[in-house]
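What follows is the content of protein-v2.pdb, which has PDB, C-alpha atoms:
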MODEL        1
ATOM      1  CA  MET A   1     -34.731 -45.447 -20.948
ATOM      2  CA  LYS A   2     -33.671 -47.482 -17.945
ATOM      3  CA  PHE A   3     -30.085 -46.616 -18.659
ATOM      4  CA  TYR A   4     -30.780 -42.862 -18.593
ATOM      5  CA  THR A   5     -32.810 -43.295 -15.416
ATOM      6  CA  GLY A   6     -29.768 -44.999 -13.899
ATOM      7  CA  ILE A   7     -27.562 -42.091 -14.898
ATOM      8  CA  LEU A   8     -30.044 -39.654 -13.389
ATOM      9  CA  ILE A   9     -30.126 -41.593 -10.094
ATOM     10  CA  PHE A  10     -26.346 -41.702 -10.040
ATOM     11  CA  PHE A  11     -26.198 -37.993 -10.753
ATOM     12  CA  LEU A  12     -28.669 -37.161  -7.994
ATOM     13  CA  SER A  13     -26.960 -39.470  -5.530
ATOM     14  CA  SER A  14     -23.842 -37.460  -6.118
ATOM     15  CA  LEU A  15     -25.681 -34.452  -4.761
ATOM     16  CA  VAL A  16     -26.438 -36.347  -1.589
ATOM     17  CA  ILE A  17     -22.931 -37.575  -0.950
ATOM     18  CA  CYS A  18     -21.326 -34.351  -2.065
ATOM     19  CA  GLN A  19     -18.425 -33.782   0.319
ATOM     20  CA  PRO A  20     -16.584 -30.520  -0.381
ATOM     21  CA  SER A  21     -14.957 -30.358   3.060
ATOM     22  CA  VAL A  22     -14.136 -32.677   5.884
ATOM     23  CA  ASN A  23     -13.005 -32.434   9.497
ATOM     24  CA  SER A  24     -10.751 -34.559  11.612
ATOM     25  CA  SER A  25      -9.818 -34.101  15.253
ATOM     26  CA  ALA A  26      -6.863 -35.003  17.415
ATOM     27  CA  THR A  27      -6.557 -34.842  21.167
ATOM     28  CA  ILE A  28      -3.907 -32.885  23.017
ATOM     29  CA  LYS A  29      -2.920 -34.461  26.286
ATOM     30  CA  VAL A  30      -0.520 -33.625  29.091
ATOM     31  CA  LYS A  31      -0.166 -35.221  32.492
ATOM     32  CA  LEU A  32       1.020 -32.762  35.110
ATOM     33  CA  ILE A  33       2.989 -34.350  37.883
ATOM     34  CA  LYS A  34       4.275 -32.901  41.099
ATOM     35  CA  SER A  35       8.014 -32.581  41.332
ATOM     36  CA  LEU A  36       9.860 -34.590  43.949
ATOM     37  CA  LYS A  37      11.088 -33.152  47.203
ATOM     38  CA  ILE A  38      12.782 -34.727  50.186
ATOM     39  CA  GLU A  39      12.948 -32.866  53.463
ATOM     40  CA  LYS A  40      14.176 -33.689  56.926
ATOM     41  CA  VAL A  41      11.471 -34.121  59.521
ATOM     42  CA  LYS A  42      13.552 -34.731  62.610
ATOM     43  CA  GLY A  43      16.563 -36.476  64.100
ATOM     44  CA  ASN A  44      20.233 -36.744  63.379
ATOM     45  CA  LEU A  45      22.983 -39.282  62.833
ATOM     46  CA  ASN A  46      25.014 -38.267  65.827
ATOM     47  CA  PHE A  47      26.608 -41.311  67.424
ATOM     48  CA  GLY A  48      27.689 -39.349  70.485
ATOM     49  CA  GLU A  49      30.820 -39.907  72.488
ATOM     50  CA  VAL A  50      32.470 -43.301  72.314
ATOM     51  CA  ILE A  51      34.987 -44.553  74.842
ATOM     52  CA  LEU A  52      37.946 -46.126  73.043
ATOM     53  CA  ASN A  53      38.768 -49.255  75.019
ATOM     54  CA  GLY A  54      41.439 -50.734  72.757
ATOM     55  CA  ALA A  55      39.008 -53.188  71.178
ATOM     56  CA  GLY A  56      37.025 -52.874  67.999
ATOM     57  CA  GLN A  57      33.432 -51.697  68.362
ATOM     58  CA  ASN A  58      30.305 -51.601  66.259
ATOM     59  CA  LEU A  59      28.308 -48.447  66.816
ATOM     60  CA  LEU A  60      24.663 -48.873  65.943
ATOM     61  CA  LYS A  61      22.012 -46.283  65.304
ATOM     62  CA  ASN A  62      18.464 -47.549  65.173
ATOM     63  CA  PRO A  63      16.624 -45.901  62.236
ATOM     64  CA  ALA A  64      13.838 -44.942  64.617
ATOM     65  CA  ASP A  65      16.427 -42.888  66.505
ATOM     66  CA  GLY A  66      18.170 -41.622  63.371
ATOM     67  CA  ILE A  67      16.907 -39.170  60.785
ATOM     68  CA  GLU A  68      13.350 -39.141  59.531
ATOM     69  CA  PHE A  69      12.870 -37.796  56.006
ATOM     70  CA  LEU A  70       9.664 -37.026  54.143
ATOM     71  CA  ILE A  71       9.452 -37.575  50.398
ATOM     72  CA  LEU A  72       6.813 -35.450  48.682
ATOM     73  CA  GLY A  73       5.765 -35.971  45.093
ATOM     74  CA  HIS A  74       3.025 -37.059  42.752
ATOM     75  CA  PRO A  75       0.468 -39.353  44.385
ATOM     76  CA  GLU A  76       0.662 -43.052  43.536
ATOM     77  CA  LYS A  77       3.941 -42.734  41.671
ATOM     78  CA  GLU A  78       7.152 -44.584  42.399
ATOM     79  CA  ALA A  79      10.308 -42.798  43.487
ATOM     80  CA  VAL A  80      13.739 -44.406  43.406
ATOM     81  CA  VAL A  81      15.808 -43.879  46.560
ATOM     82  CA  SER A  82      19.577 -43.752  46.191
ATOM     83  CA  TYR A  83      22.303 -43.515  48.809
ATOM     84  CA  GLN A  84      25.824 -44.682  49.479
ATOM     85  CA  PRO A  85      27.929 -45.359  52.579
ATOM     86  CA  ALA A  86      29.609 -42.228  53.880
ATOM     87  CA  LEU A  87      33.157 -41.665  55.018
ATOM     88  CA  LEU A  88      33.721 -39.810  58.281
ATOM     89  CA  TYR A  89      36.928 -37.825  58.519
ATOM     90  CA  PRO A  90      38.776 -36.844  61.676
ATOM     91  CA  ASP A  91      39.367 -33.197  62.513
ATOM     92  CA  ASN A  92      42.840 -33.325  60.988
ATOM     93  CA  GLN A  93      41.360 -34.683  57.746
ATOM     94  CA  ASN A  94      43.771 -37.602  57.851
ATOM     95  CA  THR A  95      42.353 -39.899  55.197
ATOM     96  CA  ALA A  96      44.168 -42.884  56.686
ATOM     97  CA  ASN A  97      41.961 -42.826  59.776
ATOM     98  CA  THR A  98      38.475 -42.541  58.337
ATOM     99  CA  LEU A  99      35.382 -44.256  59.618
ATOM    100  CA  LEU A 100      32.805 -45.807  57.356
ATOM    101  CA  PHE A 101      29.142 -45.182  57.998
ATOM    102  CA  LEU A 102      26.953 -47.982  56.619
ATOM    103  CA  PRO A 103      23.402 -46.696  56.345
ATOM    104  CA  ALA A 104      20.261 -48.668  57.089
ATOM    105  CA  VAL A 105      17.239 -47.152  55.349
ATOM    106  CA  PHE A 106      13.585 -47.977  55.955
ATOM    107  CA  GLU A 107      10.258 -46.566  54.813
ATOM    108  CA  THR A 108       6.936 -46.454  56.604
ATOM    109  CA  GLY A 109       4.678 -45.286  53.778
ATOM    110  CA  ASN A 110       2.501 -42.394  54.869
ATOM    111  CA  ASN A 111       2.914 -43.288  58.531
ATOM    112  CA  ILE A 112       4.843 -40.604  60.367
ATOM    113  CA  ASN A 113       5.714 -43.107  63.103
ATOM    114  CA  PHE A 114       8.260 -45.906  62.868
ATOM    115  CA  THR A 115       5.756 -48.743  62.644
ATOM    116  CA  THR A 116       5.913 -51.709  60.247
ATOM    117  CA  PRO A 117       9.046 -50.381  58.520
ATOM    118  CA  GLN A 118      10.155 -51.816  55.193
ATOM    119  CA  ASN A 119      13.806 -51.992  54.240
ATOM    120  CA  VAL A 120      14.780 -49.736  51.324
ATOM    121  CA  LYS A 121      17.867 -50.904  49.495
ATOM    122  CA  ASN A 122      19.923 -48.499  47.446
ATOM    123  CA  GLY A 123      18.343 -47.964  44.013
ATOM    124  CA  THR A 124      14.943 -49.412  44.828
ATOM    125  CA  ALA A 125      11.621 -47.649  44.428
ATOM    126  CA  VAL A 126       9.170 -46.586  47.088
ATOM    127  CA  HIS A 127       5.508 -45.923  46.481
ATOM    128  CA  LEU A 128       4.265 -42.398  47.164
ATOM    129  CA  GLU A 129       0.951 -42.875  48.900
ATOM    130  CA  ASN A 130      -1.830 -40.431  48.217
ATOM    131  CA  ASP A 131      -2.276 -38.092  51.146
ATOM    132  CA  ASP A 132      -4.892 -35.511  50.207
ATOM    133  CA  GLY A 133      -3.577 -35.119  46.661
ATOM    134  CA  THR A 134       0.116 -35.321  47.515
ATOM    135  CA  GLY A 135       2.288 -38.408  47.293
ATOM    136  CA  VAL A 136       4.129 -39.004  50.571
ATOM    137  CA  THR A 137       6.495 -41.549  52.042
ATOM    138  CA  PHE A 138       8.480 -41.338  55.255
ATOM    139  CA  ILE A 139      12.078 -42.532  55.159
ATOM    140  CA  TRP A 140      14.127 -43.440  58.196
ATOM    141  CA  VAL A 141      17.894 -43.586  58.220
ATOM    142  CA  GLY A 142      20.055 -45.265  60.807
ATOM    143  CA  GLY A 143      23.162 -47.363  60.397
ATOM    144  CA  LYS A 144      26.385 -48.540  61.886
ATOM    145  CA  ILE A 145      30.007 -47.515  62.169
ATOM    146  CA  ASN A 146      32.831 -49.938  62.775
ATOM    147  CA  VAL A 147      35.467 -48.470  65.076
ATOM    148  CA  LYS A 148      38.824 -50.205  64.831
ATOM    149  CA  ALA A 149      40.793 -51.177  67.877
ATOM    150  CA  ASN A 150      43.508 -48.647  67.092
ATOM    151  CA  GLN A 151      41.194 -45.866  65.938
ATOM    152  CA  PRO A 152      42.677 -42.447  66.850
ATOM    153  CA  GLU A 153      40.596 -40.285  69.130
ATOM    154  CA  GLY A 154      38.867 -37.173  67.874
ATOM    155  CA  ASP A 155      35.735 -35.864  66.264
ATOM    156  CA  TYR A 156      34.741 -37.566  63.024
ATOM    157  CA  LYS A 157      32.375 -35.963  60.556
ATOM    158  CA  GLY A 158      31.013 -36.895  57.179
ATOM    159  CA  ILE A 159      28.199 -36.212  54.793
ATOM    160  CA  PHE A 160      25.505 -38.754  54.062
ATOM    161  CA  THR A 161      23.516 -38.047  50.919
ATOM    162  CA  ILE A 162      20.182 -39.564  50.035
ATOM    163  CA  SER A 163      18.420 -38.702  46.786
ATOM    164  CA  VAL A 164      15.118 -39.520  45.147
ATOM    165  CA  ALA A 165      14.085 -39.599  41.499
ATOM    166  CA  TYR A 166      11.064 -40.701  39.488
TER     167      TYR A 166
ATOM    168  CA  MET B   1     -24.854 -48.624 -31.383
ATOM    169  CA  ARG B   2     -27.379 -47.086 -29.079
ATOM    170  CA  LYS B   3     -25.677 -48.634 -26.053
ATOM    171  CA  ILE B   4     -22.313 -47.350 -27.146
ATOM    172  CA  THR B   5     -23.761 -43.846 -27.497
ATOM    173  CA  SER B   6     -25.307 -44.128 -24.051
ATOM    174  CA  LEU B   7     -22.026 -45.233 -22.588
ATOM    175  CA  LEU B   8     -20.225 -42.289 -24.176
ATOM    176  CA  VAL B   9     -22.845 -39.909 -22.769
ATOM    177  CA  PHE B  10     -22.367 -41.466 -19.366
ATOM    178  CA  ILE B  11     -18.584 -41.054 -19.522
ATOM    179  CA  CYS B  12     -18.996 -37.438 -20.623
ATOM    180  CA  ILE B  13     -21.212 -36.757 -17.628
ATOM    181  CA  LEU B  14     -18.630 -38.322 -15.349
ATOM    182  CA  TRP B  15     -15.848 -36.294 -16.862
ATOM    183  CA  PHE B  16     -17.449 -32.904 -17.336
ATOM    184  CA  ALA B  17     -19.975 -32.724 -14.529
ATOM    185  CA  PRO B  18     -19.529 -29.581 -12.408
ATOM    186  CA  GLU B  19     -17.291 -30.370  -9.478
ATOM    187  CA  ASN B  20     -19.558 -28.876  -6.883
ATOM    188  CA  VAL B  21     -22.317 -31.162  -8.015
ATOM    189  CA  PHE B  22     -20.404 -34.317  -8.614
ATOM    190  CA  SER B  23     -19.165 -36.224  -5.599
ATOM    191  CA  GLN B  24     -16.097 -34.441  -4.240
ATOM    192  CA  SER B  25     -14.874 -37.028  -1.860
ATOM    193  CA  VAL B  26     -12.142 -35.858   0.458
ATOM    194  CA  TYR B  27     -11.074 -37.858   3.455
ATOM    195  CA  ALA B  28      -9.088 -36.730   6.484
ATOM    196  CA  PHE B  29      -7.799 -38.862   9.310
ATOM    197  CA  SER B  30      -6.006 -38.257  12.561
ATOM    198  CA  LEU B  31      -3.013 -40.577  12.794
ATOM    199  CA  ASN B  32      -1.541 -39.355  16.068
ATOM    200  CA  ASN B  33      -2.537 -37.214  19.028
ATOM    201  CA  LEU B  34      -0.410 -34.415  20.423
ATOM    202  CA  ASN B  35       0.960 -35.866  23.623
ATOM    203  CA  PHE B  36       3.164 -33.858  25.966
ATOM    204  CA  GLY B  37       3.555 -36.836  28.291
ATOM    205  CA  ASP B  38       4.481 -36.280  31.919
ATOM    206  CA  VAL B  39       5.370 -32.683  32.746
ATOM    207  CA  PHE B  40       6.460 -31.363  36.114
ATOM    208  CA  ILE B  41       4.217 -28.668  37.503
ATOM    209  CA  GLY B  42       5.874 -25.284  37.112
ATOM    210  CA  TYR B  43       7.896 -26.256  34.033
ATOM    211  CA  PRO B  44       7.317 -25.672  30.303
ATOM    212  CA  ALA B  45       7.188 -28.374  27.654
ATOM    213  CA  GLU B  46       7.455 -28.223  23.897
ATOM    214  CA  ILE B  47       6.742 -30.674  21.107
ATOM    215  CA  LYS B  48       8.073 -29.806  17.658
ATOM    216  CA  HIS B  49       6.552 -31.104  14.452
ATOM    217  CA  LYS B  50       9.302 -33.702  13.993
ATOM    218  CA  ASP B  51       8.688 -35.147  17.437
ATOM    219  CA  ASN B  52       6.993 -38.548  17.499
ATOM    220  CA  ASN B  53       4.489 -37.140  19.978
ATOM    221  CA  ALA B  54       3.313 -34.406  17.598
ATOM    222  CA  ALA B  55      -0.214 -34.579  16.210
ATOM    223  CA  LYS B  56      -0.382 -36.067  12.730
ATOM    224  CA  PHE B  57      -3.120 -35.902  10.136
ATOM    225  CA  VAL B  58      -3.450 -37.181   6.608
ATOM    226  CA  PHE B  59      -5.977 -36.269   3.936
ATOM    227  CA  LEU B  60      -6.571 -37.135   0.311
ATOM    228  CA  HIS B  61      -9.204 -36.796  -2.356
ATOM    229  CA  THR B  62     -10.645 -39.524  -4.508
ATOM    230  CA  GLN B  63     -11.666 -37.608  -7.586
ATOM    231  CA  TRP B  64     -10.291 -39.738 -10.336
ATOM    232  CA  PHE B  65      -7.731 -38.187 -12.673
ATOM    233  CA  ARG B  66      -8.164 -34.710 -11.195
ATOM    234  CA  LYS B  67      -5.773 -32.401  -9.437
ATOM    235  CA  LYS B  68      -7.413 -30.391  -6.724
ATOM    236  CA  ASP B  69      -6.563 -27.340  -4.640
ATOM    237  CA  PHE B  70      -7.126 -27.493  -0.912
ATOM    238  CA  LEU B  71      -7.706 -25.015   1.856
ATOM    239  CA  VAL B  72      -6.573 -26.397   5.192
ATOM    240  CA  THR B  73      -7.459 -24.722   8.469
ATOM    241  CA  LEU B  74      -6.705 -25.744  12.012
ATOM    242  CA  THR B  75      -8.961 -24.915  14.929
ATOM    243  CA  LEU B  76      -6.650 -24.658  17.904
ATOM    244  CA  PRO B  77      -7.330 -24.380  21.604
ATOM    245  CA  GLN B  78      -5.844 -21.617  23.722
ATOM    246  CA  TYR B  79      -5.736 -23.773  26.817
ATOM    247  CA  LEU B  80      -5.530 -27.373  27.937
ATOM    248  CA  SER B  81      -8.116 -27.940  30.617
ATOM    249  CA  ARG B  82      -8.804 -30.119  33.591
ATOM    250  CA  GLY B  83     -12.003 -28.856  35.131
ATOM    251  CA  ASN B  84     -11.405 -25.196  35.846
ATOM    252  CA  ASP B  85      -7.645 -25.565  35.762
ATOM    253  CA  LYS B  86      -6.070 -24.305  32.541
ATOM    254  CA  ILE B  87      -2.650 -24.467  30.924
ATOM    255  CA  PRO B  88      -1.942 -21.967  28.114
ATOM    256  CA  ILE B  89      -0.818 -23.578  24.879
ATOM    257  CA  LYS B  90       0.930 -21.816  21.998
ATOM    258  CA  PHE B  91       1.313 -22.917  18.406
ATOM    259  CA  ARG B  92       4.055 -21.341  16.318
ATOM    260  CA  LYS B  93       5.364 -21.829  12.818
ATOM    261  CA  ARG B  94       8.085 -24.132  14.095
ATOM    262  CA  HIS B  95       5.390 -26.453  15.386
ATOM    263  CA  ALA B  96       3.497 -27.002  12.118
ATOM    264  CA  ALA B  97       4.534 -28.626   8.842
ATOM    265  CA  TRP B  98       3.082 -30.476   5.886
ATOM    266  CA  SER B  99       4.396 -32.799   3.211
ATOM    267  CA  PHE B 100       3.303 -35.216   0.526
ATOM    268  CA  GLN B 101       5.602 -37.793   2.062
ATOM    269  CA  ASP B 102       5.447 -39.320   5.503
ATOM    270  CA  ARG B 103       9.018 -38.607   6.471
ATOM    271  CA  PRO B 104      10.821 -36.201   8.790
ATOM    272  CA  TYR B 105      12.752 -34.288   6.140
ATOM    273  CA  GLY B 106      11.510 -32.137   3.265
ATOM    274  CA  ARG B 107       8.519 -30.857   5.197
ATOM    275  CA  LYS B 108       7.180 -27.355   4.622
ATOM    276  CA  ARG B 109       6.473 -25.320   7.722
ATOM    277  CA  PHE B 110       3.416 -23.131   7.925
ATOM    278  CA  ASN B 111       1.646 -20.800  10.316
ATOM    279  CA  PRO B 112      -0.948 -22.987  12.054
ATOM    280  CA  HIS B 113      -3.136 -19.961  12.781
ATOM    281  CA  ALA B 114      -3.469 -19.046   9.086
ATOM    282  CA  PRO B 115      -5.210 -20.961   6.298
ATOM    283  CA  LEU B 116      -2.892 -23.222   4.340
ATOM    284  CA  TYR B 117      -3.342 -23.513   0.565
ATOM    285  CA  ILE B 118      -2.087 -26.654  -1.099
ATOM    286  CA  LYS B 119      -2.421 -26.738  -4.871
ATOM    287  CA  ASN B 120      -2.485 -29.418  -7.532
ATOM    288  CA  VAL B 121      -2.942 -32.440  -5.349
ATOM    289  CA  GLY B 122      -3.429 -35.575  -7.392
ATOM    290  CA  PHE B 123      -6.124 -38.098  -6.626
ATOM    291  CA  PHE B 124      -5.331 -40.522  -3.840
ATOM    292  CA  ARG B 125      -2.171 -38.577  -3.092
ATOM    293  CA  PRO B 126      -1.881 -38.282   0.689
ATOM    294  CA  VAL B 127      -1.047 -34.962   2.289
ATOM    295  CA  TYR B 128       0.414 -35.161   5.771
ATOM    296  CA  ILE B 129       0.094 -32.473   8.438
ATOM    297  CA  TRP B 130       2.119 -32.423  11.659
ATOM    298  CA  LEU B 131       1.498 -30.166  14.610
ATOM    299  CA  GLY B 132       3.339 -29.693  17.884
ATOM    300  CA  GLY B 133       2.979 -26.951  20.454
ATOM    301  CA  LYS B 134       4.314 -25.406  23.614
ATOM    302  CA  ILE B 135       2.810 -25.270  27.072
ATOM    303  CA  LYS B 136       3.896 -23.455  30.181
ATOM    304  CA  THR B 137       2.636 -24.760  33.470
ATOM    305  CA  THR B 138       2.586 -22.739  36.656
ATOM    306  CA  ALA B 139       2.926 -23.680  40.305
ATOM    307  CA  GLY B 140      -0.812 -23.181  40.708
ATOM    308  CA  ASN B 141      -1.759 -25.883  38.207
ATOM    309  CA  ILE B 142      -3.257 -29.014  39.668
ATOM    310  CA  PRO B 143      -1.766 -32.446  38.961
ATOM    311  CA  GLY B 144      -3.457 -34.804  36.540
ATOM    312  CA  ILE B 145      -4.349 -35.060  32.872
ATOM    313  CA  HIS B 146      -5.248 -31.886  30.973
ATOM    314  CA  ASN B 147      -6.846 -32.116  27.553
ATOM    315  CA  GLY B 148      -7.578 -30.081  24.473
ATOM    316  CA  THR B 149      -8.685 -30.702  20.894
ATOM    317  CA  ILE B 150      -7.242 -29.816  17.513
ATOM    318  CA  THR B 151      -9.649 -29.836  14.607
ATOM    319  CA  LEU B 152      -8.387 -30.039  11.043
ATOM    320  CA  THR B 153     -10.718 -28.809   8.314
ATOM    321  CA  VAL B 154      -9.933 -29.587   4.691
ATOM    322  CA  GLU B 155     -11.882 -27.921   1.894
ATOM    323  CA  ILE B 156     -11.629 -28.472  -1.813
ATOM    324  CA  LEU B 157     -11.389 -25.160  -3.634
TER     325      LEU B 157
ENDMDL
END

In structure tokens, write the structure found in this file.
Amino acid sequence: MKFYTGILIFFLSSLVICQPSVNSSATIKVKLIKSLKIEKVKGNLNFGEVILNGAGQNLLKNPADGIEFLILGHPEKEAVVSYQPALLYPDNQNTANTLLFLPAVFETGNNINFTTPQNVKNGTAVHLENDDGTGVTFIWVGGKINVKANQPEGDYKGIFTISVAY
Amino acid sequence: MRKITSLLVFICILWFAPENVFSQSVYAFSLNNLNFGDVFIGYPAEIKHKDNNAAKFVFLHTQWFRKKDFLVTLTLPQYLSRGNDKIPIKFRKRHAAWSFQDRPYGRKRFNPHAPLYIKNVGFFRPVYIWLGGKIKTTAGNIPGIHNGTITLTVEIL
């Protein structure tokens, strides 16, 4: 009798744990990030007129007096800054008489003024500080040009490229 | 003799009891979430079913020595949300697949918006489901994490 009672209990318990269907859930997730942008705020890398005096000269451009860039992107993310020295060519495009521009790059975080600048070496990351939902960092570019003693006169121009990437 | 008879009766009940009365244990688990990762605002993103970031489910039944038929349905969101901000999400046939084996080849694709019938599944035989999707963000979307939920429902027929 006990045995049949056991079977009955087992049978009824099956009714309780009857499980004809089941659910399972998975989450879908995406993190939207703002794309990077770098734009010029002000300034230039014009070294002006230089008097050739027959001796070598180092022309310096303080970053505060150079070009100020603004990097815009996702707040609190890092952006890698890349740049290379630039060659300046004379008007006649004579490649034997080029000048080399050696950039000096600094960042001031979200400060639009050149205060407490931090050096930014090529290939290093800067932090995009949160400014009302947008990541910002100001970049300042100056540098130097070495003029040789026998440098021909003329106008020298070149292109300096700076790029940013996440 | 009486005990042997009782045991035989018990086995008969186990074997022949109606399936909708006897315990029909089916188990389903989520093994992976559908993760689009970092996406630039204004750009689309797509995850196919073979992508490691596709959602992955597994289910099985534990009815000894039985082969069962299953009806699988997916409840899919139309949008991923972050507050009031929404990103449309689409699920196509190329995004959904199932297989008895957990491997990238030999999967059968299916329409994730339609019920999927899988027949003759042996006990404790796992059935895997993969699901990707496609989103298209717009310039008006706000940055941050947007979420949605996929619900898998498995019924024994």

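Take CA of Ile135 (chain B) and CA of Lys93 (chain B): the distance between them is 14.9 Å.
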
re CA of Arg92 (chain B) and CA of Phe70 (chain B): distance 21.4 Å

Pull out every residue of chain B sitting within 6 Å of chain A, counting only C-alpha atoms, and send them as an NGL selection string. :B and (21-25 or 28-30 or 33-41 or 143-156)

Which residues, named as in the file, does the PyMOL selection byres ((chain B and resi 138) around 10) pick out? Answer as a list in words. Phe40, Ile41, Gly42, Tyr43, Pro44, Lys86, Ile87, Pro88, Ile135, Lys136, Thr137, Ala139, Gly140, Asn141 and Ile142 of chain B

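Minimum atom-to-atom distance to Thr161 (chain A), evaluated using only C-alpha atoms, belongs to A:Pro85 out of A:Pro85, A:Thr108, A:Val120, A:Ala96.
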
Identify all residues satisfying the PyMOL selection byres ((chain A and resi 140-146) around 8) in the given file; provide them as a VMD selection string. chain A and resid 45 56 to 69 99 to 108 114 138 to 139 147 to 148

To verify the selection step, state as a VMD selection string which residues the PyMOL selection byres ((chain B and resi 124) around 6) yields on this input. chain B and resid 60 to 62 123 125

Kindly save the residues from that selection, with C-alpha atoms included, as a compact mmCIF listing (two decimals), in the frame of the given file.
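Result file part.txt:
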# COMPACT_ATOMS: atom_id res chain seq x y z
CA LEU B 60 -6.57 -37.14 0.31
CA HIS B 61 -9.20 -36.80 -2.36
CA THR B 62 -10.64 -39.52 -4.51
CA PHE B 123 -6.12 -38.10 -6.63
CA ARG B 125 -2.17 -38.58 -3.09

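Going from CA of Ile47 (chain B) over to CA of Leu71 (chain B), you cover 24.7 Å.
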
Neighbour list for region 97-99 of chain B as a list of chain:residue names, cut-off 8 Å, all atoms listed in the file, skip fewer than 2 positions in-chain: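 Using all atoms listed in the file, the neighbours found are B:His49, B:Lys93, B:Arg94, B:His95, B:Gln101, B:Asp102, B:Gly106, B:Arg107, B:Lys108, B:Arg109, B:Phe110, B:Val127, B:Tyr128, B:Ile129, B:Trp130, B:Leu131.
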
Give the padded box for region 60-66 of chain B as AutoDock Vina command-line options: axis-aligned, covering all atoms listed in the file, 5 Å on each side, centre and edge lengths in Å to one decimal.
--center_x -9.1 --center_y -37.2 --center_z -6.2 --size_x 15.1 --size_y 15.0 --size_z 23.0
